[in-house]
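Working notes, beginning with the structure itself.
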Amino acid sequence: MDKLKSLDHSLFFELNSWHSPFWDTVMTFISNKYVWFPFYALLILLLIYFYKKRGALMVLALAASVGLADFVSSGIFKPFFERLRPCHEGVIGMTVRVVDGCGGRYGFVSSHAANSFAIAVFLCMILPARQRWLKVLLLVWAFMISYSRIYLGVHYPGDITVGAAIGCLTAWLGIYIYRTIEKRYSFWTT
């Protein structure tokens with residue numbers, strides 16, 4: 001466990017050290033959850049427009065996936081593990097380059113990573129195979145949001161990795177629920 005923690009710290013310091021005024025602005029923008037609200041609204045509208053009732057069911061299942069990812073990361077993991085964010089951690093906190101404030105006290109796991117990966121993976125699993133470019137774009141988006149949290153000094157790579165894994169699992173669960181309801185109730189397919 002000590003080796004993992006040491007690796008996590010070393011990787012964090014390496015990734016957190018790559019700074020410039022330009023990237024400070026970009027990463028702060030990417031990490032701001034409110035910036036993405038128009039994207040989420042457009043996503044909801046497009047799913048419903050192209051898939052009608054099935055799209056509404058997709059939106060509900062996606063919302064359940066993200067809600068569960070957020071609850072597990074913020075409501076269960078953070079209070080249970082109480083792992084301090086790098087910027088709150090004693091000596092480490094004095095050497096971390098924090099760009100836009102530190103955030104809450106605990107950082108394990110990253111809700112940003114969990115939520116963005118829940119969205120990206122859910123959509124990658126639900127969209128047709130011919131939409132490869134969109135799937136790649138969604139995964140790059142989730143990775144960028146996740147990396148921005150390390151860049152800004154508020155999460156260790158381990159926080160991000162486990163958060164992304166939680167997002168992937170809740171996306172899979174959302175897809176399972178979506179497909180089960182779709183098969184069982186013909187209302188969603190007519």
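Chain labels follow the order of the structure tokens: the first chain is A, the next B, and so on; residue numbering restarts at 1 in every chain, and ligands are counted from 1 in their shown order.
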Restrict the calculation to only C-alpha atoms, then for each residue of range 65-173 of chain A with any atom at most 9 Å from an atom of range 6-25 of chain A give the closest atom pair and their distance in Å to one decimal, rows by chain and rising residue number, as CSV.
residue,atom,partner,partner_atom,distance
A:Pro86,CA,A:His9,CA,8.7
A:Ile92,CA,A:His9,CA,9.0
A:Thr95,CA,A:Phe13,CA,8.9
A:Val96,CA,A:Asn16,CA,7.4
A:Arg97,CA,A:Asn16,CA,6.7
A:Val98,CA,A:Asn16,CA,8.7
A:Val99,CA,A:Asp24,CA,6.6
A:Asp100,CA,A:Asp24,CA,8.6
A:Tyr147,CA,A:Leu15,CA,8.5
A:Ile150,CA,A:Asn16,CA,5.9
A:Tyr151,CA,A:Asn16,CA,4.6
A:Leu152,CA,A:Asn16,CA,7.1
A:Gly153,CA,A:Asn16,CA,6.3
A:His155,CA,A:Phe12,CA,8.1
A:Tyr156,CA,A:Phe12,CA,5.5
A:Pro157,CA,A:Phe12,CA,6.0
A:Gly158,CA,A:Asp8,CA,6.1
Got time to write the residues from that selection, C-alpha atoms, as a PDB file, in the first residue's frame?
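Writing done, so here's out.pdb:
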ATOM      1  CA  PRO A  86      -3.249  17.049  -2.125  1.00  0.00           C
ATOM      2  CA  ILE A  92       2.438  18.226   0.354  1.00  0.00           C
ATOM      3  CA  THR A  95       4.303  22.324  -2.527  1.00  0.00           C
ATOM      4  CA  VAL A  96       1.246  21.685  -4.705  1.00  0.00           C
ATOM      5  CA  ARG A  97       0.526  24.162  -7.461  1.00  0.00           C
ATOM      6  CA  VAL A  98      -3.151  25.030  -6.883  1.00  0.00           C
ATOM      7  CA  VAL A  99      -4.644  27.093  -9.690  1.00  0.00           C
ATOM      8  CA  ASP A 100      -8.288  27.684  -8.779  1.00  0.00           C
ATOM      9  CA  TYR A 147      -6.670  15.331 -15.930  1.00  0.00           C
ATOM     10  CA  ILE A 150      -4.708  16.782 -11.210  1.00  0.00           C
ATOM     11  CA  TYR A 151      -3.422  19.831 -13.072  1.00  0.00           C
ATOM     12  CA  LEU A 152      -5.395  22.140 -10.763  1.00  0.00           C
ATOM     13  CA  GLY A 153      -3.885  20.414  -7.706  1.00  0.00           C
ATOM     14  CA  HIS A 155      -6.816  15.240  -6.902  1.00  0.00           C
ATOM     15  CA  TYR A 156      -4.232  12.498  -6.972  1.00  0.00           C
ATOM     16  CA  PRO A 157      -4.111  10.194 -10.034  1.00  0.00           C
ATOM     17  CA  GLY A 158      -5.515   7.392  -7.847  1.00  0.00           C
TER      18      GLY A 158
END
Per residue of range 114-139 of chain A within 12 Å of range 32-53 of chain A, what are the shortest atom pair and its distance in Å to one decimal, counting only C-alpha atoms, with rows by chain and residue number, as a Markdown table?
| residue | atom | partner | partner_atom | distance |
| --- | --- | --- | --- | --- |
| A:Asn115 | CA | A:Lys33 | CA | 10.3 |
| A:Ser116 | CA | A:Lys33 | CA | 10.0 |
| A:Ile119 | CA | A:Tyr40 | CA | 9.6 |
| A:Ala120 | CA | A:Leu43 | CA | 11.4 |
| A:Leu123 | CA | A:Leu43 | CA | 10.0 |
| A:Ile126 | CA | A:Leu47 | CA | 10.5 |
| A:Leu127 | CA | A:Leu47 | CA | 9.9 |
| A:Pro128 | CA | A:Tyr51 | CA | 11.9 |
| A:Leu138 | CA | A:Phe39 | CA | 11.6 |
For C-alpha atoms, I'd like the residues from the last selection saved as a PDB file, in the first residue's frame.
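Now in selection_35.pdb:
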ATOM      1  CA  ASN A 115     -19.529  11.729 -13.494  1.00  0.00           C
ATOM      2  CA  SER A 116     -17.751  12.503 -16.762  1.00  0.00           C
ATOM      3  CA  ILE A 119     -21.659  10.115 -19.261  1.00  0.00           C
ATOM      4  CA  ALA A 120     -18.962   9.239 -21.805  1.00  0.00           C
ATOM      5  CA  LEU A 123     -23.058   7.257 -24.547  1.00  0.00           C
ATOM      6  CA  ILE A 126     -25.572   3.373 -26.519  1.00  0.00           C
ATOM      7  CA  LEU A 127     -24.562   5.167 -29.724  1.00  0.00           C
ATOM      8  CA  PRO A 128     -24.336   3.238 -32.998  1.00  0.00           C
ATOM      9  CA  LEU A 138     -16.553  11.832 -25.561  1.00  0.00           C
TER      10      LEU A 138
END
If you take only C-alpha atoms and a cut-off of 10 Å, which residues of range 5-75 of chain A touch range 179-183 of chain A, and what are their nearest atom pairs and distances in Å to one decimal, in chain and number order, as a Markdown table?
| residue | atom | partner | partner_atom | distance |
| --- | --- | --- | --- | --- |
| A:Arg54 | CA | A:Glu182 | CA | 7.7 |
| A:Leu57 | CA | A:Glu182 | CA | 8.0 |
| A:Met58 | CA | A:Arg179 | CA | 9.3 |
| A:Ala61 | CA | A:Arg179 | CA | 9.5 |
Which of these residues is nearest to Ala142 in chain A, using only C-alpha atoms: A:Ile76, A:Ser31, A:Asp2, A:Leu62?
A:Ser31
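Among the candidates A:Val91, A:Ala113, A:Ile177, A:Val140, the residue lying nearest to Ala165 in chain A is A:Ala113 (atoms considered: only C-alpha atoms).
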Considering only C-alpha atoms, return as a short mmCIF file (atom, residue, chain, number, x, y, z; two decimals) with N, CA and C atoms, in the first residue's frame whatever protein or nucleic-acid residues lie within 9 Å of Val72 in chain A, sequence-local ones (same chain, fewer than 3 positions apart) excluded.
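selection.cif was written with the following content:
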data_model
loop_
_atom_site.label_atom_id
_atom_site.label_comp_id
_atom_site.auth_asym_id
_atom_site.auth_seq_id
_atom_site.Cartn_x
_atom_site.Cartn_y
_atom_site.Cartn_z
N GLY A 67 -26.14 10.12 -11.48
CA GLY A 67 -26.56 10.33 -10.08
C GLY A 67 -25.94 9.30 -9.16
N LEU A 68 -25.92 8.04 -9.61
CA LEU A 68 -25.31 6.98 -8.79
C LEU A 68 -23.80 7.18 -8.68
N ALA A 69 -23.15 7.54 -9.78
CA ALA A 69 -21.70 7.80 -9.75
C ALA A 69 -21.38 8.92 -8.76
N GLY A 75 -20.89 10.67 -1.70
CA GLY A 75 -21.68 10.30 -0.54
C GLY A 75 -21.15 9.10 0.22
N ILE A 76 -20.38 8.23 -0.47
CA ILE A 76 -19.88 7.02 0.20
C ILE A 76 -18.36 7.06 0.35
N PHE A 77 -17.65 7.16 -0.78
CA PHE A 77 -16.19 7.05 -0.74
C PHE A 77 -15.53 8.18 0.04
N LYS A 78 -15.85 9.43 -0.27
CA LYS A 78 -15.15 10.54 0.39
C LYS A 78 -15.32 10.52 1.90
N VAL A 109 -13.00 9.63 -3.85
CA VAL A 109 -12.56 9.65 -5.24
C VAL A 109 -13.07 10.92 -5.93
N SER A 111 -15.27 13.06 -8.03
CA SER A 111 -16.63 13.08 -8.58
C SER A 111 -16.62 13.56 -10.03
N ALA A 114 -15.74 10.49 -12.00
CA ALA A 114 -16.84 9.52 -11.96
C ALA A 114 -18.00 9.98 -12.86
N ILE A 166 -15.53 3.93 -11.23
CA ILE A 166 -16.90 4.02 -10.71
C ILE A 166 -17.84 4.52 -11.80
#
Secondary structure check, alpha helix (DSSP H) residues of range 14-90 of chain A, as a PyMOL selection string:
chain A and resi 14-16+21-31+37-70+78-81+90
Just to be explicit: take each residue in the selection above, keep N, CA and C atoms, and write the result as a compact mmCIF listing (two decimals), in the first residue's frame.
# COMPACT_ATOMS: atom_id res chain seq x y z
N GLU A 14 4.51 15.02 -10.77
CA GLU A 14 4.94 15.16 -12.16
C GLU A 14 3.84 15.81 -13.01
N LEU A 15 2.62 15.30 -12.91
CA LEU A 15 1.52 15.81 -13.73
C LEU A 15 1.08 17.21 -13.30
N ASN A 16 1.21 17.51 -12.02
CA ASN A 16 0.82 18.82 -11.51
C ASN A 16 1.84 19.91 -11.83
N PRO A 21 0.42 29.87 -18.10
CA PRO A 21 -0.78 30.71 -17.97
C PRO A 21 -1.91 30.28 -18.91
N PHE A 22 -1.55 29.89 -20.14
CA PHE A 22 -2.56 29.44 -21.09
C PHE A 22 -3.29 28.21 -20.57
N TRP A 23 -2.51 27.18 -20.15
CA TRP A 23 -3.13 25.95 -19.67
C TRP A 23 -3.85 26.14 -18.33
N ASP A 24 -3.39 27.06 -17.51
CA ASP A 24 -4.13 27.38 -16.27
C ASP A 24 -5.55 27.80 -16.62
N THR A 25 -5.69 28.65 -17.61
CA THR A 25 -7.02 29.14 -18.03
C THR A 25 -7.84 28.01 -18.64
N VAL A 26 -7.22 27.21 -19.51
CA VAL A 26 -7.93 26.11 -20.17
C VAL A 26 -8.41 25.08 -19.15
N MET A 27 -7.54 24.68 -18.25
CA MET A 27 -7.89 23.63 -17.28
C MET A 27 -8.93 24.13 -16.27
N THR A 28 -8.86 25.39 -15.90
CA THR A 28 -9.88 25.95 -15.01
C THR A 28 -11.23 25.94 -15.71
N PHE A 29 -11.25 26.29 -16.98
CA PHE A 29 -12.48 26.28 -17.78
C PHE A 29 -13.04 24.86 -17.90
N ILE A 30 -12.18 23.91 -18.26
CA ILE A 30 -12.60 22.51 -18.45
C ILE A 30 -13.16 21.93 -17.16
N SER A 31 -12.58 22.28 -16.04
CA SER A 31 -12.96 21.72 -14.76
C SER A 31 -14.23 22.33 -14.16
N PHE A 37 -23.13 22.78 -18.59
CA PHE A 37 -24.60 22.70 -18.57
C PHE A 37 -25.23 22.86 -19.96
N PRO A 38 -24.77 23.80 -20.80
CA PRO A 38 -25.35 23.88 -22.16
C PRO A 38 -25.12 22.59 -22.96
N PHE A 39 -23.95 21.97 -22.77
CA PHE A 39 -23.66 20.69 -23.45
C PHE A 39 -24.65 19.62 -22.98
N TYR A 40 -24.89 19.55 -21.68
CA TYR A 40 -25.82 18.55 -21.15
C TYR A 40 -27.23 18.79 -21.68
N ALA A 41 -27.65 20.05 -21.73
CA ALA A 41 -28.99 20.38 -22.25
C ALA A 41 -29.09 19.98 -23.72
N LEU A 42 -28.06 20.29 -24.50
CA LEU A 42 -28.05 19.91 -25.91
C LEU A 42 -28.07 18.40 -26.07
N LEU A 43 -27.33 17.71 -25.26
CA LEU A 43 -27.30 16.25 -25.29
C LEU A 43 -28.68 15.67 -25.04
N ILE A 44 -29.37 16.17 -24.04
CA ILE A 44 -30.72 15.71 -23.73
C ILE A 44 -31.66 15.97 -24.91
N LEU A 45 -31.60 17.16 -25.45
CA LEU A 45 -32.46 17.51 -26.58
C LEU A 45 -32.17 16.62 -27.79
N LEU A 46 -30.91 16.38 -28.09
CA LEU A 46 -30.56 15.55 -29.25
C LEU A 46 -30.99 14.10 -29.07
N LEU A 47 -30.79 13.55 -27.88
CA LEU A 47 -31.23 12.17 -27.64
C LEU A 47 -32.74 12.04 -27.82
N ILE A 48 -33.48 12.99 -27.28
CA ILE A 48 -34.94 12.93 -27.41
C ILE A 48 -35.37 13.20 -28.85
N TYR A 49 -34.71 14.14 -29.52
CA TYR A 49 -35.06 14.46 -30.91
C TYR A 49 -34.83 13.27 -31.84
N PHE A 50 -33.66 12.63 -31.74
CA PHE A 50 -33.32 11.54 -32.65
C PHE A 50 -33.95 10.21 -32.26
N TYR A 51 -34.16 9.97 -30.98
CA TYR A 51 -34.63 8.66 -30.54
C TYR A 51 -36.03 8.67 -29.93
N LYS A 52 -36.68 9.81 -29.89
CA LYS A 52 -38.06 9.96 -29.38
C LYS A 52 -38.22 9.36 -27.98
N LYS A 53 -39.19 8.45 -27.83
CA LYS A 53 -39.44 7.86 -26.49
C LYS A 53 -38.21 7.10 -25.99
N ARG A 54 -37.57 6.39 -26.90
CA ARG A 54 -36.36 5.66 -26.54
C ARG A 54 -35.29 6.64 -26.03
N GLY A 55 -35.22 7.81 -26.64
CA GLY A 55 -34.28 8.85 -26.20
C GLY A 55 -34.60 9.34 -24.80
N ALA A 56 -35.89 9.47 -24.50
CA ALA A 56 -36.29 9.88 -23.14
C ALA A 56 -35.86 8.83 -22.12
N LEU A 57 -36.00 7.56 -22.49
CA LEU A 57 -35.55 6.48 -21.61
C LEU A 57 -34.03 6.52 -21.47
N MET A 58 -33.32 6.82 -22.55
CA MET A 58 -31.86 6.95 -22.49
C MET A 58 -31.46 8.05 -21.52
N VAL A 59 -32.16 9.18 -21.60
CA VAL A 59 -31.87 10.31 -20.71
C VAL A 59 -32.09 9.91 -19.25
N LEU A 60 -33.18 9.20 -18.98
CA LEU A 60 -33.46 8.76 -17.61
C LEU A 60 -32.39 7.79 -17.10
N ALA A 61 -32.00 6.85 -17.95
CA ALA A 61 -30.98 5.87 -17.54
C ALA A 61 -29.62 6.56 -17.37
N LEU A 62 -29.32 7.52 -18.25
CA LEU A 62 -28.07 8.27 -18.13
C LEU A 62 -28.05 9.09 -16.85
N ALA A 63 -29.17 9.74 -16.55
CA ALA A 63 -29.26 10.53 -15.32
C ALA A 63 -29.10 9.64 -14.09
N ALA A 64 -29.68 8.43 -14.14
CA ALA A 64 -29.52 7.49 -13.02
C ALA A 64 -28.05 7.08 -12.88
N SER A 65 -27.37 6.85 -13.99
CA SER A 65 -25.95 6.47 -13.96
C SER A 65 -25.10 7.56 -13.34
N VAL A 66 -25.31 8.80 -13.79
CA VAL A 66 -24.52 9.92 -13.27
C VAL A 66 -24.87 10.18 -11.80
N GLY A 67 -26.14 10.12 -11.48
CA GLY A 67 -26.56 10.33 -10.08
C GLY A 67 -25.94 9.30 -9.16
N LEU A 68 -25.92 8.04 -9.61
CA LEU A 68 -25.31 6.98 -8.79
C LEU A 68 -23.80 7.18 -8.68
N ALA A 69 -23.15 7.54 -9.78
CA ALA A 69 -21.70 7.80 -9.75
C ALA A 69 -21.38 8.92 -8.76
N ASP A 70 -22.17 9.98 -8.80
CA ASP A 70 -21.95 11.11 -7.91
C ASP A 70 -22.19 10.72 -6.45
N LYS A 78 -15.85 9.43 -0.27
CA LYS A 78 -15.15 10.54 0.39
C LYS A 78 -15.32 10.52 1.90
N PRO A 79 -16.55 10.38 2.43
CA PRO A 79 -16.66 10.35 3.89
C PRO A 79 -16.10 9.06 4.52
N PHE A 80 -16.12 7.96 3.78
CA PHE A 80 -15.62 6.70 4.33
C PHE A 80 -14.09 6.71 4.42
N PHE A 81 -13.41 7.07 3.33
CA PHE A 81 -11.94 7.00 3.29
C PHE A 81 -11.27 8.24 3.88
N GLY A 90 -0.95 18.71 4.63
CA GLY A 90 0.25 19.20 5.31
C GLY A 90 1.37 19.71 4.43
